[in-house]
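S.K.: start18.txt is reproduced below (compact mmCIF, C-alpha atoms).
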# COMPACT_ATOMS: atom_id res chain seq x y z
CA MET A 29 86.91 129.59 111.59
CA PRO A 30 84.07 127.09 111.38
CA PRO A 31 84.97 123.53 112.38
CA ALA A 32 86.30 121.63 109.39
CA LYS A 33 84.42 118.65 108.09
CA ILE A 34 85.41 115.39 109.72
CA GLU A 35 84.53 112.03 108.26
CA LEU A 36 84.92 108.69 110.00
CA LEU A 37 85.02 105.69 107.70
CA PRO A 38 85.30 102.02 108.59
CA ILE A 39 87.88 99.83 106.86
CA ARG A 40 86.55 96.31 106.82
CA SER A 41 86.77 95.19 103.20
CA GLY A 42 88.41 95.95 99.89
CA ASP A 43 85.40 98.08 98.95
CA ASP A 44 86.03 100.27 101.99
CA VAL A 45 89.52 101.01 100.66
CA VAL A 46 87.88 102.36 97.50
CA ARG A 47 85.57 104.51 99.65
CA VAL A 48 88.54 105.89 101.60
CA ARG A 49 90.15 106.87 98.31
CA GLN A 50 86.95 108.58 97.17
CA ALA A 51 86.55 110.49 100.45
CA THR A 52 90.20 111.58 100.30
CA ARG A 53 89.78 112.71 96.71
CA ALA A 54 86.70 114.75 97.65
CA ARG A 55 88.53 116.54 100.51
CA ALA A 56 91.63 117.09 98.38
CA ILE A 57 89.57 118.69 95.61
CA GLU A 58 87.67 120.75 98.20
CA ILE A 59 90.82 122.47 99.46
CA GLY A 60 92.13 122.87 95.93
CA LEU A 61 95.14 120.58 95.94
CA SER A 62 96.87 120.29 92.57
CA LEU A 63 96.28 117.15 90.54
CA VAL A 64 99.70 115.78 91.46
CA ASP A 65 99.19 116.42 95.17
CA GLN A 66 95.69 114.94 94.99
CA THR A 67 97.08 111.79 93.44
CA LYS A 68 99.83 111.62 96.07
CA ILE A 69 97.56 111.85 99.08
CA ILE A 70 95.01 109.50 97.50
CA THR A 71 97.68 106.92 96.80
CA ALA A 72 99.09 107.25 100.32
CA ALA A 73 95.55 106.84 101.70
CA SER A 74 95.10 103.75 99.59
CA GLU A 75 98.33 102.20 100.89
CA LEU A 76 97.56 102.90 104.54
CA ALA A 77 93.94 101.79 104.24
CA ARG A 78 95.11 98.53 102.74
CA ASN A 79 97.67 98.11 105.53
CA THR A 80 94.95 98.72 108.11
CA LEU A 81 92.85 96.05 106.43
CA ASP A 82 95.51 93.43 105.69
CA TYR A 83 97.84 93.79 108.68
CA GLY A 84 95.66 95.50 111.29
CA GLY A 85 92.68 93.22 110.67
CA GLY A 86 90.48 96.20 109.82
CA GLY A 87 89.96 99.49 111.60
CA GLU A 88 88.87 102.99 110.78
CA VAL A 89 90.07 106.21 109.28
CA THR A 90 89.29 109.83 110.03
CA VAL A 91 89.45 112.12 107.01
CA GLU A 92 89.51 115.82 107.82
CA VAL A 93 90.37 119.20 106.42
CA VAL A 94 92.80 121.01 108.69
CA GLN A 95 93.82 124.63 108.86
CA ALA A 96 97.10 126.13 110.03
CA GLY A 97 97.13 129.88 109.55
CA ALA A 98 96.35 130.47 105.91
CA ARG A 99 97.25 126.96 104.84
CA ARG A 100 94.77 124.20 104.46
CA GLY A 101 95.44 120.53 104.27
CA VAL A 102 93.95 117.08 104.34
CA ARG A 103 94.74 114.92 107.33
CA LEU A 104 94.02 111.22 107.62
CA THR A 105 94.24 109.21 110.81
CA PHE A 106 94.25 105.43 110.45
CA GLU A 107 93.62 103.36 113.55
CA ASP A 108 93.42 99.64 114.09
CA ARG A 109 93.50 97.32 117.08
CA GLY A 110 95.57 94.69 115.32
CA PRO A 111 98.80 92.98 116.33
CA GLY A 112 100.87 96.19 116.04
CA ILE A 113 104.30 96.66 114.48
CA PRO A 114 107.25 95.46 116.62
CA ASP A 115 109.95 97.26 114.60
CA ILE A 116 108.69 100.43 112.93
CA ALA A 117 112.05 101.36 111.42
CA ARG A 118 112.20 98.02 109.71
CA ALA A 119 108.58 98.25 108.52
CA LEU A 120 109.48 101.58 106.91
CA THR A 121 112.39 100.01 105.04
CA ASP A 122 111.68 99.61 101.35
CA HIS A 123 111.04 96.10 100.11
CA TYR A 124 110.54 94.75 103.63
CA THR A 125 107.21 92.99 103.96
CA THR A 126 105.69 90.41 106.28
CA GLY A 127 102.82 89.86 103.87
CA GLY A 128 102.98 89.16 100.18
CA GLY A 129 103.21 92.76 99.01
CA LEU A 130 106.01 94.77 97.46
CA GLY A 131 107.04 96.21 100.81
CA LEU A 132 106.80 99.78 99.57
CA GLY A 133 103.45 100.89 100.94
CA LEU A 134 104.36 102.31 104.34
CA GLY A 135 107.59 103.97 103.22
CA GLY A 136 105.87 105.13 100.06
CA ALA A 137 103.02 106.69 102.04
CA LYS A 138 105.61 108.57 104.10
CA ARG A 139 107.30 109.91 100.96
CA LEU A 140 103.94 110.91 99.48
CA SER A 141 102.87 112.93 102.51
CA ASN A 142 104.06 116.20 104.03
CA GLU A 143 103.46 114.91 107.52
CA PHE A 144 103.82 111.34 108.65
CA HIS A 145 103.47 110.05 112.15
CA ILE A 146 103.23 106.45 113.24
CA GLU A 147 102.83 104.90 116.65
CA SER A 148 102.33 101.24 117.29
CA THR A 149 102.23 99.04 120.36
CA PRO A 150 102.54 95.32 119.76
CA GLY A 151 99.35 93.62 120.88
CA VAL A 152 97.43 96.89 121.14
CA GLY A 153 97.26 98.40 117.69
CA THR A 154 98.63 100.92 115.25
CA ARG A 155 97.87 104.55 114.52
CA VAL A 156 99.16 106.35 111.48
CA VAL A 157 98.57 110.06 110.80
CA ILE A 158 99.39 111.65 107.48
CA ALA A 159 98.73 115.08 106.06
CA ARG A 160 99.23 116.87 102.80
CA TRP A 161 99.23 120.66 102.75
CA LYS A 162 98.33 122.97 99.95
CA MET B 10 48.01 74.39 134.25
CA ALA B 11 49.62 76.12 131.30
CA ILE B 12 47.73 75.87 128.09
CA ASP B 13 49.71 74.61 125.13
CA GLY B 14 49.30 77.34 122.58
CA ILE B 15 50.31 75.17 119.69
CA GLN B 16 47.50 72.71 120.42
CA VAL B 17 44.99 75.55 120.40
CA LEU B 18 46.45 76.69 117.09
CA VAL B 19 46.31 73.18 115.60
CA ARG B 20 42.68 72.76 116.68
CA THR B 21 41.70 76.11 115.22
CA VAL B 22 43.53 75.70 111.93
CA THR B 23 42.20 72.20 111.27
CA GLY B 24 38.71 73.17 112.42
CA HIS B 25 38.45 76.33 110.32
CA GLU B 26 40.62 75.31 107.40
CA ALA B 27 38.26 76.38 104.62
CA ALA B 28 37.44 79.75 106.16
CA ILE B 29 41.08 80.65 106.84
CA LEU B 30 42.20 79.69 103.34
CA GLU B 31 39.36 81.57 101.70
CA SER B 32 40.04 84.67 103.74
CA TRP B 33 43.79 84.45 103.02
CA LEU B 34 43.19 84.14 99.28
CA GLY B 35 40.97 87.18 99.50
CA LEU B 36 43.68 89.18 101.26
CA LEU B 37 46.33 88.08 98.76
CA LYS B 38 44.06 89.09 95.91
CA SER B 39 43.50 92.57 97.29
CA GLY B 40 47.18 92.88 98.25
CA GLY B 41 49.73 94.56 96.04
CA SER B 42 51.26 91.50 94.40
CA LEU B 43 48.67 91.00 91.68
CA GLN B 44 48.52 94.64 90.64
CA THR B 45 52.17 94.60 89.60
CA GLY B 46 51.32 92.04 86.94
CA ARG B 47 54.35 89.97 87.90
CA ILE B 48 52.30 86.99 88.94
CA ARG B 49 48.96 85.57 87.76
CA GLU B 50 46.09 85.02 90.15
CA VAL B 51 45.93 81.29 89.44
CA GLU B 52 49.63 80.92 90.25
CA LEU B 53 49.31 82.94 93.46
CA GLN B 54 46.34 80.83 94.58
CA ALA B 55 48.16 77.60 93.81
CA GLN B 56 51.15 78.79 95.88
CA ALA B 57 48.87 79.80 98.73
CA ARG B 58 47.07 76.44 98.72
CA THR B 59 50.35 74.52 98.73
CA VAL B 60 51.79 76.62 101.54
CA PHE B 61 48.63 76.39 103.61
CA GLY B 62 48.39 72.61 103.14
CA GLN B 63 51.99 72.15 104.18
CA LEU B 64 51.55 74.45 107.17
CA ARG B 65 48.54 72.44 108.33
CA ASP B 66 50.44 69.15 107.95
CA ALA B 67 53.43 70.54 109.83
CA LEU B 68 51.20 71.88 112.61
CA ALA B 69 49.64 68.45 113.01
CA SER B 70 52.98 67.24 114.37
CA GLY B 71 52.43 69.56 117.35
CA GLU B 72 55.80 71.23 116.82
CA SER B 73 55.87 74.99 117.40
CA ASP B 74 59.41 75.78 116.19
CA GLY B 75 59.45 76.78 112.53
CA HIS B 76 62.98 75.46 112.19
CA ALA B 77 62.12 71.92 113.30
CA ALA B 78 61.98 68.90 111.02
CA PRO B 79 58.18 68.79 110.38
CA TYR B 80 58.44 72.23 108.73
CA GLU B 81 61.15 71.15 106.32
CA THR B 82 58.88 70.81 103.24
CA LEU B 83 57.10 74.07 104.04
CA ARG B 84 60.40 75.91 104.36
CA GLU B 85 61.56 74.51 101.03
CA THR B 86 58.36 75.65 99.32
CA LEU B 87 58.67 79.12 100.88
CA ALA B 88 62.32 79.29 99.84
CA ASP B 89 61.39 78.48 96.24
CA ILE B 90 58.66 81.11 96.25
CA SER B 91 60.93 83.78 97.78
CA ARG B 92 63.75 83.05 95.39
CA SER B 93 61.52 83.28 92.35
CA ARG B 94 60.09 86.56 93.70
CA ALA B 95 63.54 88.00 94.18
CA ILE B 96 64.30 87.22 90.55
CA GLN B 97 60.92 88.47 89.29
CA GLY B 98 61.64 91.81 90.97
CA PHE B 99 59.02 91.79 93.76
CA THR B 100 59.52 94.25 96.57
CA PRO B 101 60.63 92.83 99.94
CA THR B 102 57.27 93.95 101.39
CA ASP B 103 55.29 91.97 98.85
CA THR B 104 57.41 88.91 99.51
CA ALA B 105 57.14 89.07 103.29
CA ASN B 106 53.44 89.87 103.12
CA PHE B 107 52.74 86.62 101.33
CA VAL B 108 53.24 84.71 104.59
CA LEU B 109 52.48 87.50 107.03
CA SER B 110 49.04 88.12 105.50
CA LEU B 111 48.11 84.63 106.68
CA LYS B 112 48.29 85.93 110.24
CA GLU B 113 45.12 87.95 110.03
CA PRO B 114 42.80 85.07 108.99
CA ILE B 115 44.36 82.73 111.55
CA LEU B 116 44.05 85.27 114.36
CA THR B 117 40.45 85.93 113.37
CA ALA B 118 39.73 82.20 113.42
CA LEU B 119 41.45 81.86 116.82
CA ASP B 120 39.35 84.68 118.12
CA ALA B 121 36.14 83.10 116.93
CA ALA B 122 37.01 79.58 118.09
CA ASN B 123 38.13 80.56 121.59
CA ALA B 124 35.70 83.35 122.30
CA GLY B 125 34.93 82.23 125.85
CA ASP B 126 38.38 80.98 126.77
CA MET B 127 40.77 83.90 127.26
CA ALA B 128 43.76 81.80 128.32
CA SER B 129 43.52 79.57 125.22
CA LEU B 130 43.09 82.58 122.97
CA VAL B 131 46.21 84.29 124.31
CA ALA B 132 48.28 81.11 124.15
CA GLY B 133 47.09 80.32 120.63
CA THR B 134 47.73 83.86 119.42
CA ARG B 135 51.24 83.77 120.85
CA ALA B 136 51.99 80.50 119.11
CA ALA B 137 50.58 81.77 115.80
CA ASN B 138 52.57 84.99 116.02
CA ARG B 139 55.80 83.23 116.84
CA LEU B 140 55.40 80.68 114.08
CA LEU B 141 54.30 83.04 111.31
CA ASP B 142 56.83 85.73 112.22
CA GLY B 143 59.53 83.09 112.06
CA LEU B 144 58.34 81.92 108.64
CA GLY B 145 58.04 85.53 107.43
CA LEU B 146 61.60 86.25 108.49
CA TYR B 147 62.73 83.09 106.81
CA THR B 148 61.20 84.18 103.48
CA MET B 149 62.98 87.52 103.85
CA GLU B 150 66.26 85.78 104.48
CA VAL B 151 65.90 83.69 101.34
CA PHE B 152 64.73 86.73 99.39
CA GLN B 153 67.84 88.60 100.49
CA THR B 154 70.09 85.70 99.57
CA GLY B 155 68.38 85.52 96.17
CA ARG B 156 69.06 89.22 95.60
CA GLU B 157 72.65 88.84 96.67
CA GLU B 158 73.08 86.01 94.19
CA VAL B 159 71.77 88.29 91.46
CA ILE B 160 74.18 91.06 92.52
CA GLY B 161 77.08 88.62 92.74
CA ARG B 162 76.36 87.34 89.26
CA GLN B 163 76.13 90.86 87.90
CA SER B 164 79.42 91.98 89.41
CA GLN B 165 81.03 88.89 87.94
CA GLU B 166 79.60 89.75 84.55
CA ILE B 167 80.80 93.33 84.87
CA ALA B 168 84.27 92.09 85.77
CA GLU B 169 84.36 89.97 82.64
CA LEU B 170 82.82 92.58 80.39
CA SER B 171 85.04 95.38 81.59
CA THR B 172 88.32 93.67 80.79
CA PRO B 173 88.34 93.07 77.06
CA VAL B 174 91.49 92.11 75.25
CA VAL B 175 91.53 93.63 71.78
CA GLN B 176 93.73 92.68 68.88
CA LEU B 177 95.30 95.77 67.30
CA TRP B 178 97.28 93.96 64.66
CA ASP B 179 98.71 90.54 63.95
CA GLY B 180 100.49 89.56 67.14
CA ILE B 181 99.76 92.85 68.93
CA LEU B 182 97.18 92.90 71.71
CA ALA B 183 95.84 95.76 73.78
CA LEU B 184 94.35 95.47 77.22
CA PRO B 185 92.64 98.71 78.22
CA LEU B 186 92.13 98.70 81.99
CA ILE B 187 89.40 100.84 83.45
CA GLY B 188 88.48 101.40 87.09
CA THR B 189 89.69 99.85 90.28
CA LEU B 190 92.06 96.92 90.00
CA ASP B 191 91.35 94.64 92.92
CA SER B 192 92.60 91.10 93.30
CA ALA B 193 89.43 89.51 91.92
CA ARG B 194 89.43 91.66 88.80
CA THR B 195 93.14 91.22 88.25
CA GLY B 196 92.56 87.48 88.22
CA VAL B 197 90.05 87.87 85.39
CA VAL B 198 92.28 90.34 83.55
CA MET B 199 95.31 88.10 83.76
CA GLU B 200 93.35 85.04 82.63
CA ASN B 201 91.88 86.91 79.64
CA LEU B 202 95.27 88.33 78.70
CA LEU B 203 97.12 85.03 78.86
CA GLN B 204 94.40 83.22 76.93
CA ALA B 205 94.42 85.93 74.25
CA ILE B 206 98.21 85.67 73.98
CA VAL B 207 97.82 81.97 73.20
CA ASP B 208 94.85 82.41 70.88
CA GLU B 209 96.31 85.26 68.85
CA GLU B 210 99.93 84.07 69.06
CA ALA B 211 100.75 87.54 70.28
CA GLU B 212 104.30 88.82 70.63
CA ILE B 213 103.42 92.12 72.23
CA ALA B 214 100.70 93.03 74.71
CA ILE B 215 100.00 96.69 75.44
CA ILE B 216 98.48 97.26 78.88
CA ASP B 217 96.80 100.64 78.89
CA ILE B 218 96.14 102.12 82.32
CA THR B 219 94.64 105.45 81.25
CA GLY B 220 91.41 104.48 82.99
CA VAL B 221 92.95 103.40 86.29
CA PRO B 222 92.46 106.31 88.70
CA THR B 223 94.96 105.27 91.39
CA VAL B 224 98.10 103.23 90.98
CA ASP B 225 99.20 102.12 94.42
CA THR B 226 101.60 99.32 95.31
CA LEU B 227 98.87 96.68 95.09
CA VAL B 228 97.92 97.73 91.56
CA ALA B 229 101.61 97.88 90.67
CA GLN B 230 102.12 94.41 92.06
CA HIS B 231 99.18 93.09 90.03
CA LEU B 232 100.63 94.71 86.91
CA LEU B 233 104.06 93.21 87.61
CA LYS B 234 102.53 89.76 87.96
CA ALA B 235 100.60 90.13 84.70
CA ILE B 236 103.78 91.29 82.94
CA ALA B 237 105.81 88.41 84.36
CA ALA B 238 103.17 85.87 83.37
CA ALA B 239 102.90 87.31 79.85
CA ARG B 240 106.67 87.14 79.54
CA LEU B 241 106.62 83.47 80.48
CA MET B 242 104.17 82.95 77.64
CA GLY B 243 106.61 84.61 75.26
CA ALA B 244 104.95 87.98 74.94
CA ASP B 245 106.49 91.34 75.80
CA CYS B 246 104.41 93.93 77.57
CA ILE B 247 104.31 97.67 77.05
CA ILE B 248 102.55 99.85 79.58
CA SER B 249 100.78 102.89 78.22
CA GLY B 250 98.61 105.65 79.54
CA ILE B 251 100.64 106.61 82.60
CA ARG B 252 99.51 110.15 83.34
CA PRO B 253 102.03 112.71 84.69
CA GLN B 254 100.62 112.71 88.23
CA ILE B 255 100.63 108.90 88.30
CA ALA B 256 104.24 108.86 87.12
CA GLN B 257 105.31 111.23 89.93
CA THR B 258 103.40 109.23 92.50
CA MET B 259 104.95 105.97 91.38
CA VAL B 260 108.42 107.45 91.65
CA HIS B 261 107.71 108.55 95.25
CA LEU B 262 106.27 105.16 96.06
CA GLY B 263 109.45 103.57 94.77
CA VAL B 264 107.64 101.27 92.39
CA GLU B 265 109.60 100.18 89.35
CA LEU B 266 107.76 98.38 86.61
CA ASN B 267 110.93 97.40 84.70
CA VAL B 268 109.07 97.45 81.47
CA VAL B 269 108.89 99.76 78.48
CA SER B 270 106.22 102.34 78.98
CA LYS B 271 104.74 105.02 76.77
CA ALA B 272 102.58 108.00 77.52
CA THR B 273 99.78 107.08 75.15
CA LEU B 274 98.33 103.99 73.57
CA ALA B 275 99.20 105.44 70.13
CA ASP B 276 102.90 105.71 71.05
CA ALA B 277 102.87 102.17 72.41
CA PHE B 278 101.21 100.88 69.25
CA ALA B 279 103.79 102.65 67.06
CA LEU B 280 106.55 101.05 69.12
CA ALA B 281 104.92 97.63 68.85
CA LEU B 282 104.69 97.98 65.07
CA ARG B 283 108.35 98.95 64.90
CA ARG B 284 109.37 96.01 67.05
CA THR B 285 107.50 93.60 64.83
CA GLY B 286 109.22 95.05 61.77
CA ARG B 287 106.41 97.18 60.45
CA THR B 288 106.05 100.83 59.65
CA VAL B 289 103.09 102.98 58.97
CA VAL B 290 103.67 105.33 56.02
CA ARG B 291 101.48 107.84 54.31
CA ARG B 292 100.97 106.73 50.73
CA ALA B 293 99.63 109.98 49.39
CA ALA B 294 99.17 113.55 50.45
CA PRO B 295 95.97 114.13 52.35
CA ALA B 296 93.01 114.29 49.99
CA PRO B 297 92.34 117.87 48.91
CA VAL B 298 89.35 119.43 50.48
CA ALA B 299 86.41 119.02 48.14
CA ALA B 300 85.10 122.15 46.52
CA ASP B 301 81.71 121.65 48.16
CA ASP B 302 83.19 121.50 51.64
CA ARG B 303 84.97 124.76 51.23
CA ARG B 304 81.85 126.78 51.29
Taking this structure as input, can you express it in the form of structure tokens?
M.R.:
Amino acid sequence: MPPAKIELLPIRSGDDVVRVRQATRARAIEIGLSLVDQTKIITAASELARNTLDYGGGGEVTVEVVQAGARRGVRLTFEDRGPGIPDIARALTDHYTTGGGLGLGLGGAKRLSNEFHIESTPGVGTRVVIARWK
Amino acid sequence: MAIDGIQVLVRTVTGHEAAILESWLGLLKSGGSLQTGRIREVELQAQARTVFGQLRDALASGESDGHAAPYETLRETLADISRSRAIQGFTPTDTANFVLSLKEPILTALDAANAGDMASLVAGTRAANRLLDGLGLYTMEVFQTGREEVIGRQSQEIAELSTPVVQLWDGILALPLIGTLDSARTGVVMENLLQAIVDEEAEIAIIDITGVPTVDTLVAQHLLKAIAAARLMGADCIISGIRPQIAQTMVHLGVELNVVSKATLADAFALALRRTGRTVVRRAAPAPVAADDRR
């Protein structure tokens, strides 16, 4: 199996969030995700990219196509070196926000993905990995 | 003893003023700027004379730093020239070359004036390079800023153009949204919508999101704010154009818009007509197909 395409994108501004969405859409179409699944992973990417920007003070995302046996999927890894999340369970609670948002982004991204993994160390940064499989 | 390069430069420039200027004008003439037809020769010469005069005056102060006070007028003139070139559509090369092409004549003059004195020549050349490079970079900076202003103005115009509020009927407005809804655009959208509600005395505003590719929580939040603001102005909102995949995604996200929504703009318009006590009826059977068309 040839190595899947890996793309590293910076998240520094609102325009970068749009670029993350476009890159995610391109990968999702490439592996043939259905329109609904495309929209789900793109929306989740949008939420997490915005979190990286607004709460993590900017960072980067790796967009890649992954393979497990015969299944293919899109995996996104968001990393920032921001203040971190002290209470992840609480951050995942719907309608809880420390900013001015709806407080649905992180939990929503989890519901929109097949795989969701978050690790955060206060003062060090946050890393969120999501994947959507075909 | 170290030789003061700037003094060498001042001596050379004042001593060979006419020759340097003539040579520079020649270079500018043969350079690319005139061929593009964007600037007339007379204008280019006038600019060159002004710049050269101001450079000579500034040099007379003995200051070698292009950012210092004696260069203030020169920098302003260069800024004006760069800005106008950015707007006239000159290439960055043409713009930078305007100042940088002055280097050649000055270096030639330095060479001629200090033929026997290597130390003075080197010091003078250094000073000339430093000064003119600095001024060249400065024109580029202003050029860039000028371009950015143009881009900024354009994106603002696009934002305003791309968010029209259309009146569908008495008291019924439609706001077709297309593209990415960021905070800046939402501000424009909301302002247009609220103003239109006042102007048209609208009771119902249909927000159509068929053209919005991704509805995430930020977009949803912007929509909620627009709906709440419209409600405060006495108008009800209907959301239309939610595609099936967007609907599923919004459910997973947990976003509730708490507003009537319809699949298409046509459905939303029909609902708006009903709510305002109107119906659309067919007054006659469809016109029969003309005999000529049948063939």
S.K.: Given only C-alpha atoms as the basis, pick out the residue of A:Gly86, A:Gly153, A:Gly42, A:Gly60 nearest to chain B.
M.R.: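 Smallest distance to chain B is found for A:Gly42.
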S.K.: Return the padded bounding box of segment 61-74 of chain A as AutoDock Vina command-line options: axis-aligned, built from all atoms listed in the file, 6 Å added on each side, with centre and edge lengths in Å to one decimal.
M.R.:
--center_x 97.4 --center_y 112.2 --center_z 96.1 --size_x 16.8 --size_y 28.8 --size_z 23.2
S.K.: Output the contact residues of chain A with respect to chain B at a cut-off of 6 Å, based on all atoms listed in the file, as number ranges by chain.
M.R.: A: 64, 68, 71, 136, 139
S.K.: Out of A:Ile39, A:Ile146, A:Ile69, A:Ala56, which residue has the shortest atom-to-atom distance to Asp82 of chain A when counting all atoms listed in the file?
M.R.: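 When distances to Asp82 of chain A are compared using all atoms listed in the file, the smallest one comes from A:Ile39.
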S.K.: Measuring atom to atom with all atoms listed in the file, identify which of A:Val93, A:Ala117, A:Val48, A:Ile34 is nearest to Leu76 of chain A.
M.R.: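 Among the listed residues, the smallest separation from Leu76 of chain A belongs to A:Val48.
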S.K.: Looking at all atoms listed in the file, which of A:Gly85, A:Pro38, A:Gly127, A:Gly97 is the one that sits closest to Arg109 of chain A?
M.R.: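 For Arg109 of chain A, the nearest of the given residues is A:Gly85.
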